[in-house]
Structure formats: C-alpha cells, structure tokens
Protein chains: 2
Amino acid sequence: MRKILVCLPGNEILQNNISKILNIPIGDVDFHIFPDEETCIRLLFDCHNAEIIIIGSLDKPNKKMLPLILLAQTCRDLGAKKIGLVTPYLAYMRQDKRFQEGQGVSAGYFAKLISPFFDWLLCVSPHLHRIKNLNEIYTIPTFVLQATVEIANWIKLNVHHPLLIGPDSESEQWVESISKLANSPCFVLEKTRHGDKDVSIQMPDFKQWNSATPIIVDDIISSGQTLLTLAKQLVQAHFPPPICIGVHGLFAENAYAQLQLLGCEVITTNSIPHPSNKIDLSKLIATQLKSIQVD
Amino acid sequence: MRKILVCLPGNEILQNNISKILNIPIGDVDFHIFPDEETCIRLLFDCHNAEIIIIGSLDKPNKKMLPLILLAQTCRDLGAKKIGLVTPYLAYMRQDKRFQEGQGVSAGYFAKLISPFFDWLLCVSPHLHRIKNLNEIYTIPTFVLQATVEIANWIKLNVHHPLLIGPDSESEQWVESISKLANSPCFVLEKTRHGDKDVSIQMPDFKQWNSATPIIVDDIISSGQTLLTLAKQLVQAHFPPPICIGVHGLFAENAYAQLQLLGCEVITTNSIPHPSNKIDLSKLIATQLKSIQVD
C-alpha cells in the first residue's frame, strides 16, 4: 500500500526528515480557520487507497485535538485505507489516577476519544507510570519507542565525565537505561510535590562527584519547577549549573528562560519543536515506521 | 432518576435559570488547567446513578471540545446513569458539503466525535441546510428547538411597524416563521458569497415600506459581513439603521462594534453569552427538558 506523510502545523521538521529517510511522499494539507474559529481541512493530494501517516505532537492538546481528528476523518472519508498517528509527545498520560475525590482519570478518556479515528498509534517515551502499557487504555495497536539511545549518544558525544541524576522515582526508567548506555554513574532522588509548581527534593551527599558534570534527566519539562529546584540545590552544593535533558520540552510559562538564567544548558529531543531541540528522533521513528504492518 | 445540571465555564446564566425553573440542583465542577494546558476535571458533587445534564454552547469549539468530553466521561466514570448535552449553539453545522475538492465535511465528523460520549443532545436552531435532520449525522437521540416564538415575541413587544428581512435563502426558514408569528411583512433576499468576509446582496425596491423599521434576521452572526453589507444598503435606500437579530451571536473579530458603529441595534438570544443577549432561551429549553425520557 502506498504511504503518504502528513502533519499538523508545527511538525514539519520531523515530517520532512522522515520523508527523506524513508522516501515517502508528503501530502500537503490546508488548515483553514474560519472567522468563527472553526477549522476546515483540505487535502491537496489524492489519498485514495493510501496509508496516511499523520505526524502531530499533542502538547497543548485541547486546541489540537479537533483539527487532528478532522484531518484523520477527512482522509478516511476521501478513501484512505489506513490512518496511523505518530504523536511523538502523547498528551494526558500524567493524569493516570484519581488524585482527589471527584477527579477524572483523563489518560483513559483521551485514549477513548482518539482510538476510533486511527488504525495505530506511535509515540516516544510516553509517561507510563501507573498505566504500565498503552494497551490498557488504547483499543488500537500502539508502538512505544524510547529515546534513551539517542540521549545517551548525545551525552557521550558532548559531555566529559557526566553524572546522571533522576529527580524522582518516576524518572528512574529513563535515567537508569541512559546511564548504562552512556556508561556513567547515576542517582535517582526523592521528590515531594506540594502543588503544580511547588516541589521539594531530597539530595544525597554528592561531594565525591564534584568534579563531574551533573546532568538532570526527565521525560517531561513542563513548568520546569522540578529541574529548577534541583539545579539550585546542585549549585548550592558547589556543582556547576547542570545540563537539563528532557525527552519532551513543553516549557509551560517561562520555564526555559528561568533554567537558562540559572546557567543551565537545556537539551530536548525534537518531539515538540523548540529552540532547545538538539536530539533528533527522525531516524528512531523512521526505523519503526518501516516495520509497521497493520491489517 | 434524579437530575443534576452542570455547565462548561461561561454558561452559568442559562444553567442557573433552568435550575430555578425546573427545580433541578446544580453540580459544581472545578475546571483546573495545569501549566502544560491540560485540563483536569473535578466534580464537587455526587453523580452516582444520576442523569447529568451538561450545558455548554460550542462557539469557538476547538478549545471547548476536550474539556467537554473529559467532563462527560468523568461523570460516566463516577457512576452517572445518563448524560445529556444541552448545546444551545451546535458547532460545525455550516460545513455540510465538500465545497472544494479535498475538503472535509466536518459536520458529520464532529457528530461522530460527540455521539459516543452522550445519551442525547439538545440544541437550538441548528444550521440545518443541506443536512435536513440531525439524525443524518448524530447516532444519539437529538432534540431541536426553534427560537422563533421567543424572537417574534421580542419583536412584538419592542418594534412598531416592523419589516422583516432575511439576507439569503438559508435564512428563509427562520424569517418566514417569525414573520407569521409577529404578523409582519417579510422579504427573503439573494446573497452571493465571494469569500469568508466578502458577500454581495441583491436588494428589491423597498420604497413603499420606508416608514417601517427594518429588522434583519439570521441564525448566526459570525464576521457580520452579511448584516453589515445589507445594513449599509438599507441606509443608502433611506431606511433607518436596521435592527439585527441573530439566534447565535458568534461575533468573530469586531463584528459587534462595526454593526453598532453603523447605528444598528444588535439583538441575540443567550445561546452564547454576549452583551447583545436580549432574548432568553431558558424557558424554551426547560420546557423541553421536562419531557426528555431516554431509556
């Protein structure tokens, strides 16, 4: 079946890179916004009998959801045989528990909303914590990639004598894999969250490592409060400002500027387009795409 | 089954009015927005075994869609037996045709997205044009109310010697019903649309009516270009600035200010909260809600 790549606005770099690696054509899409803020999708290519691969990261998901679904359904309506979603950043995965009485557990609701419109879903390093496997909530085949090799390679190429630090137990899965691949020491700390933007972190005695370059690794950089808190504690303990690596750089509010102000180098993958993108996921995603066969 | 009213932010007036008319309690909902712009719904009431009636107009639909669906699914998850959607303004109904090759026909896609999350849907004067009945696209029971009696009553109470004008053939269904109820003459004109904001209207010889107060009636006021064009033509033909009545006042960009600048009085129903709301839909909706029985 012939394949065609399309993307949501803002995902052109990944789309173009993957198109070149796999030699798959790109289908242009016009996303028209009417004065009343309704979206009108127009495919500028023929999708009849094709497999359409839609690339769209779902940061700031509320406003992207409807255009994404209208795009998928337009493809379906115009004859696409299969529609896959490559969403390097999969949204709503952190809402995996009823933290307070009366709360929704949105991860599952989001999955229920998405599943009917796609034949498969591919994402990178989703926040799997209480949900251990995406098939607990998604009813379509899902493909989960990890950016650990790409991150470890960046560290090996760019940092002499690294000391990897995971700010909390949820980061353990990324930090330990990366430390093995980068052959560097690693610590996973204990974090307590007091609110959306209020955290405290227990720091061990790192003195024997103070000639190393500290690298904090986390999956998602959102408000950046976890990284900022830990970076300040490291500077107080006479370390240089740490390198902060996130798989997904959401950078809510002015998180990026605050981290830079502290002297941190901030590094992310290009799962979400941002000036900090230094680690390219194109090859990782393209390699998986070659082997996806969904009947 | 006990009923509970809840609403999306911004729909409190209709919610409170209907609650008083029907003596149905209101369920408070906390719509928390995380720094990464994900929404977290928390019900501050017990919805177990209840029928939940969610009131939420869907103007600016893209950003409202996901909070609405998360709210419905949270209710379902926490034990609601039935969930109905009262959406006085139903979005995406104008995209009922493939106007250009490759375009999506979004009205149906939107219906497919909504239907799995609700047991029934109620709306006021939806833009039924090429789609003649909502059950062509919605798979759940739908209840369609018309605001014609309410609009006719406002005209009878407030305007001496009215002349009703429908700007185009799509407005015929509203204008003719209202003119009969208000016992006033009515004309339906011919409009040609050249773009989102570019229309021209053929105007007949109205001279014999120039002691009347012209009232333009339309279902949706979006960019307001149709009303502005016609209002200017009426003023040129020595009529006073017309009264502009819309069922749904979307008022894209500065449509409202432009109409007021021309001297028009602009009147809408409260399907979408706006300073121009002079016609209350609460009784109309409440009366229908009393009789909805969905098993």
# chains A, B, ... in the order shown; residues from 1 in each chain; ligands from 1
$ residues_around --residues "Leu262 of chain A" --least-positions-apart "2" --cutoff "9 Å" --atoms "only C-alpha atoms" --output "PyMOL selection string"
chain A and resi 228+231-232+241+257-260+264
$ residues_around --residues "Gly246 of chain A" --least-positions-apart "2" --cutoff "9 Å" --atoms "only C-alpha atoms" --output "list in words"
Ile216, Val217, Asp218, Asp219, Ile220, Ile221, Cys244, His248, Gly249, Val266, Ile267, Thr268 and Thr269 of chain A
$ atom_distance --atom1 "atom CA of Phe251 of chain B" --atom2 "atom CA of Asp198 of chain B"
15.8 Å
$ select_by_dssp --residues "segment 8-213 of chain A" --states "helix (DSSP H, G or I)" --output "PyMOL selection string"
chain A and resi 12-22+61-77+106-117+134-136+148-158+169-182+207-209
$ interface_residues --of "chain B" --to "chain A" --cutoff "8 Å" --atoms "only C-alpha atoms" --output "ChimeraX atom specification"
/B:34-46,59-67,69-71,73-74,77-78,92,95,100-106,109-110,113,196,222-223,250-253
$ write_last_selection --atoms "N, CA and C atoms" --output "tab-separated table (two decimals), in the first residue's frame"
chain	number	residue	atom	x	y	z
B	34	PHE	N	-3.72	22.74	34.10
B	34	PHE	CA	-2.32	22.56	34.51
B	34	PHE	C	-1.41	23.51	33.72
B	35	PRO	N	-0.17	23.73	34.22
B	35	PRO	CA	0.74	24.62	33.48
B	35	PRO	C	0.94	24.19	32.01
B	36	ASP	N	0.86	22.89	31.73
B	36	ASP	CA	1.06	22.43	30.35
B	36	ASP	C	-0.22	22.55	29.50
B	37	GLU	N	-1.25	23.21	30.05
B	37	GLU	CA	-2.51	23.47	29.36
B	37	GLU	C	-3.40	22.24	29.20
B	38	GLU	N	-3.11	21.18	29.97
B	38	GLU	CA	-4.07	20.09	30.03
B	38	GLU	C	-5.14	20.45	31.06
B	39	THR	N	-6.36	19.97	30.82
B	39	THR	CA	-7.48	20.26	31.71
B	39	THR	C	-7.68	19.10	32.67
B	40	CYS	N	-7.94	19.42	33.93
B	40	CYS	CA	-8.30	18.38	34.89
B	40	CYS	C	-9.68	18.71	35.45
B	41	ILE	N	-10.61	17.79	35.24
B	41	ILE	CA	-11.99	17.98	35.71
B	41	ILE	C	-12.12	17.38	37.10
B	42	ARG	N	-12.79	18.10	37.99
B	42	ARG	CA	-13.14	17.52	39.29
B	42	ARG	C	-14.60	17.86	39.63
B	43	LEU	N	-15.39	16.82	39.82
B	43	LEU	CA	-16.79	17.01	40.22
B	43	LEU	C	-16.85	17.25	41.72
B	44	LEU	N	-17.54	18.33	42.11
B	44	LEU	CA	-17.66	18.64	43.54
B	44	LEU	C	-19.03	18.20	44.06
B	45	PHE	N	-19.57	17.14	43.42
B	45	PHE	CA	-20.88	16.62	43.84
B	45	PHE	C	-20.90	15.12	43.52
B	46	ASP	N	-21.88	14.46	44.06
B	46	ASP	CA	-22.01	13.01	43.84
B	46	ASP	C	-22.92	12.77	42.63
B	59	ASP	N	-19.62	27.50	20.62
B	59	ASP	CA	-18.90	28.51	19.86
B	59	ASP	C	-17.42	28.34	20.20
B	60	LYS	N	-16.52	28.79	19.33
B	60	LYS	CA	-15.08	28.55	19.49
B	60	LYS	C	-14.85	27.08	19.91
B	61	PRO	N	-15.29	26.16	19.06
B	61	PRO	CA	-15.42	24.77	19.51
B	61	PRO	C	-14.09	24.06	19.76
B	62	ASN	N	-13.03	24.41	19.04
B	62	ASN	CA	-11.81	23.60	19.14
B	62	ASN	C	-11.30	23.51	20.58
B	63	LYS	N	-11.29	24.65	21.27
B	63	LYS	CA	-10.72	24.62	22.62
B	63	LYS	C	-11.72	24.11	23.67
B	64	LYS	N	-13.02	24.03	23.31
B	64	LYS	CA	-14.02	23.58	24.29
B	64	LYS	C	-14.28	22.08	24.23
B	65	MET	N	-13.93	21.49	23.08
B	65	MET	CA	-14.26	20.10	22.82
B	65	MET	C	-13.70	19.14	23.86
B	66	LEU	N	-12.41	19.23	24.11
B	66	LEU	CA	-11.77	18.27	25.00
B	66	LEU	C	-12.25	18.45	26.45
B	67	PRO	N	-12.31	19.68	26.99
B	67	PRO	CA	-12.88	19.82	28.34
B	67	PRO	C	-14.30	19.26	28.43
B	69	ILE	N	-15.65	16.79	26.68
B	69	ILE	CA	-15.65	15.33	26.65
B	69	ILE	C	-15.03	14.76	27.93
B	70	LEU	N	-14.01	15.42	28.46
B	70	LEU	CA	-13.44	14.97	29.74
B	70	LEU	C	-14.48	15.09	30.86
B	71	LEU	N	-15.28	16.16	30.81
B	71	LEU	CA	-16.33	16.34	31.82
B	71	LEU	C	-17.36	15.22	31.72
B	73	GLN	N	-17.06	12.26	30.43
B	73	GLN	CA	-16.51	10.95	30.73
B	73	GLN	C	-16.20	10.80	32.23
B	74	THR	N	-15.85	11.93	32.87
B	74	THR	CA	-15.66	11.90	34.33
B	74	THR	C	-16.99	11.55	35.01
B	77	ASP	N	-17.68	7.87	34.44
B	77	ASP	CA	-16.76	7.06	35.23
B	77	ASP	C	-17.18	7.04	36.71
B	78	LEU	N	-17.76	8.14	37.17
B	78	LEU	CA	-18.12	8.24	38.58
B	78	LEU	C	-19.58	7.84	38.83
B	92	TYR	N	-20.06	23.58	13.92
B	92	TYR	CA	-19.63	22.85	12.72
B	92	TYR	C	-20.76	22.47	11.77
B	95	GLN	N	-20.44	23.37	7.87
B	95	GLN	CA	-19.56	22.60	6.98
B	95	GLN	C	-20.27	21.29	6.61
B	100	GLN	N	-14.98	22.44	-1.88
B	100	GLN	CA	-13.85	22.33	-2.80
B	100	GLN	C	-13.32	20.91	-2.73
B	101	GLU	N	-12.74	20.44	-3.81
B	101	GLU	CA	-12.17	19.10	-3.85
B	101	GLU	C	-11.15	18.94	-2.71
B	102	GLY	N	-11.19	17.83	-2.02
B	102	GLY	CA	-10.22	17.57	-0.96
B	102	GLY	C	-10.66	18.05	0.42
B	103	GLN	N	-11.76	18.81	0.48
B	103	GLN	CA	-12.22	19.34	1.77
B	103	GLN	C	-12.92	18.28	2.61
B	104	GLY	N	-12.81	18.43	3.91
B	104	GLY	CA	-13.58	17.61	4.82
B	104	GLY	C	-14.99	18.15	4.97
B	105	VAL	N	-15.93	17.25	5.25
B	105	VAL	CA	-17.31	17.66	5.53
B	105	VAL	C	-17.49	17.54	7.04
B	106	SER	N	-17.05	18.58	7.74
B	106	SER	CA	-16.81	18.47	9.18
B	106	SER	C	-18.05	18.23	10.02
B	109	TYR	N	-18.17	14.68	10.87
B	109	TYR	CA	-17.04	14.21	11.67
B	109	TYR	C	-17.22	14.65	13.13
B	110	PHE	N	-17.71	15.88	13.26
B	110	PHE	CA	-17.95	16.43	14.60
B	110	PHE	C	-19.02	15.59	15.33
B	113	LEU	N	-17.60	12.37	16.53
B	113	LEU	CA	-16.76	12.58	17.71
B	113	LEU	C	-17.60	12.70	18.98
B	196	ASP	N	-14.80	34.29	2.85
B	196	ASP	CA	-15.23	34.29	4.25
B	196	ASP	C	-15.88	35.61	4.64
B	222	SER	N	-21.61	35.82	12.50
B	222	SER	CA	-20.22	35.44	12.70
B	222	SER	C	-19.33	36.66	12.43
B	223	SER	N	-18.78	36.79	11.24
B	223	SER	CA	-18.00	38.01	10.95
B	223	SER	C	-18.93	39.21	10.77
B	250	LEU	N	-22.00	34.89	17.36
B	250	LEU	CA	-20.60	34.47	17.50
B	250	LEU	C	-19.68	35.70	17.52
B	251	PHE	N	-20.02	36.71	16.74
B	251	PHE	CA	-19.29	37.97	16.69
B	251	PHE	C	-17.78	37.77	16.54
B	252	ALA	N	-17.39	37.14	15.43
B	252	ALA	CA	-15.97	36.99	15.12
B	252	ALA	C	-15.36	38.37	14.93
B	253	GLU	N	-14.10	38.46	15.33
B	253	GLU	CA	-13.36	39.73	15.21
B	253	GLU	C	-14.18	40.88	15.79
$ select_by_dssp --residues "segment 43-238 of chain B" --states "strand (DSSP E)" --output "PyMOL selection string"
chain B and resi 43+51-55+82-86+120-124+142-145+162-166+186-188+190-195+198-202+213-221
$ closest_residue --among "A:Ile201, A:Ile215, A:Cys7, A:Val124" --to "Gly84 of chain A" --atoms "only C-alpha atoms"
A:Cys7
$ residues_around --residues "segment 278-292 of chain A" --least-positions-apart "6" --cutoff "9 Å" --atoms "only C-alpha atoms" --output "PyMOL selection string"
chain A and resi 13-15+17-19+21-22+86+88+122-124+143+145-147+150-151+154+247+267-271
$ closest_residue --among "A:Leu157, A:Leu227, A:Asn210, A:Ile140" --to "Leu189 of chain A" --atoms "only C-alpha atoms"
A:Leu227
$ closest_residue --among "B:Leu5, B:Glu170, B:Pro214, B:Ala255" --to "Val235 of chain B" --atoms "only C-alpha atoms"
B:Pro214
$ atom_distance --atom1 "atom CA of Cys186 of chain A" --atom2 "atom CA of Trp174 of chain A"
10.8 Å
$ atom_distance --atom1 "atom CA of Glu190 of chain B" --atom2 "atom CA of Glu176 of chain B"
14.9 Å
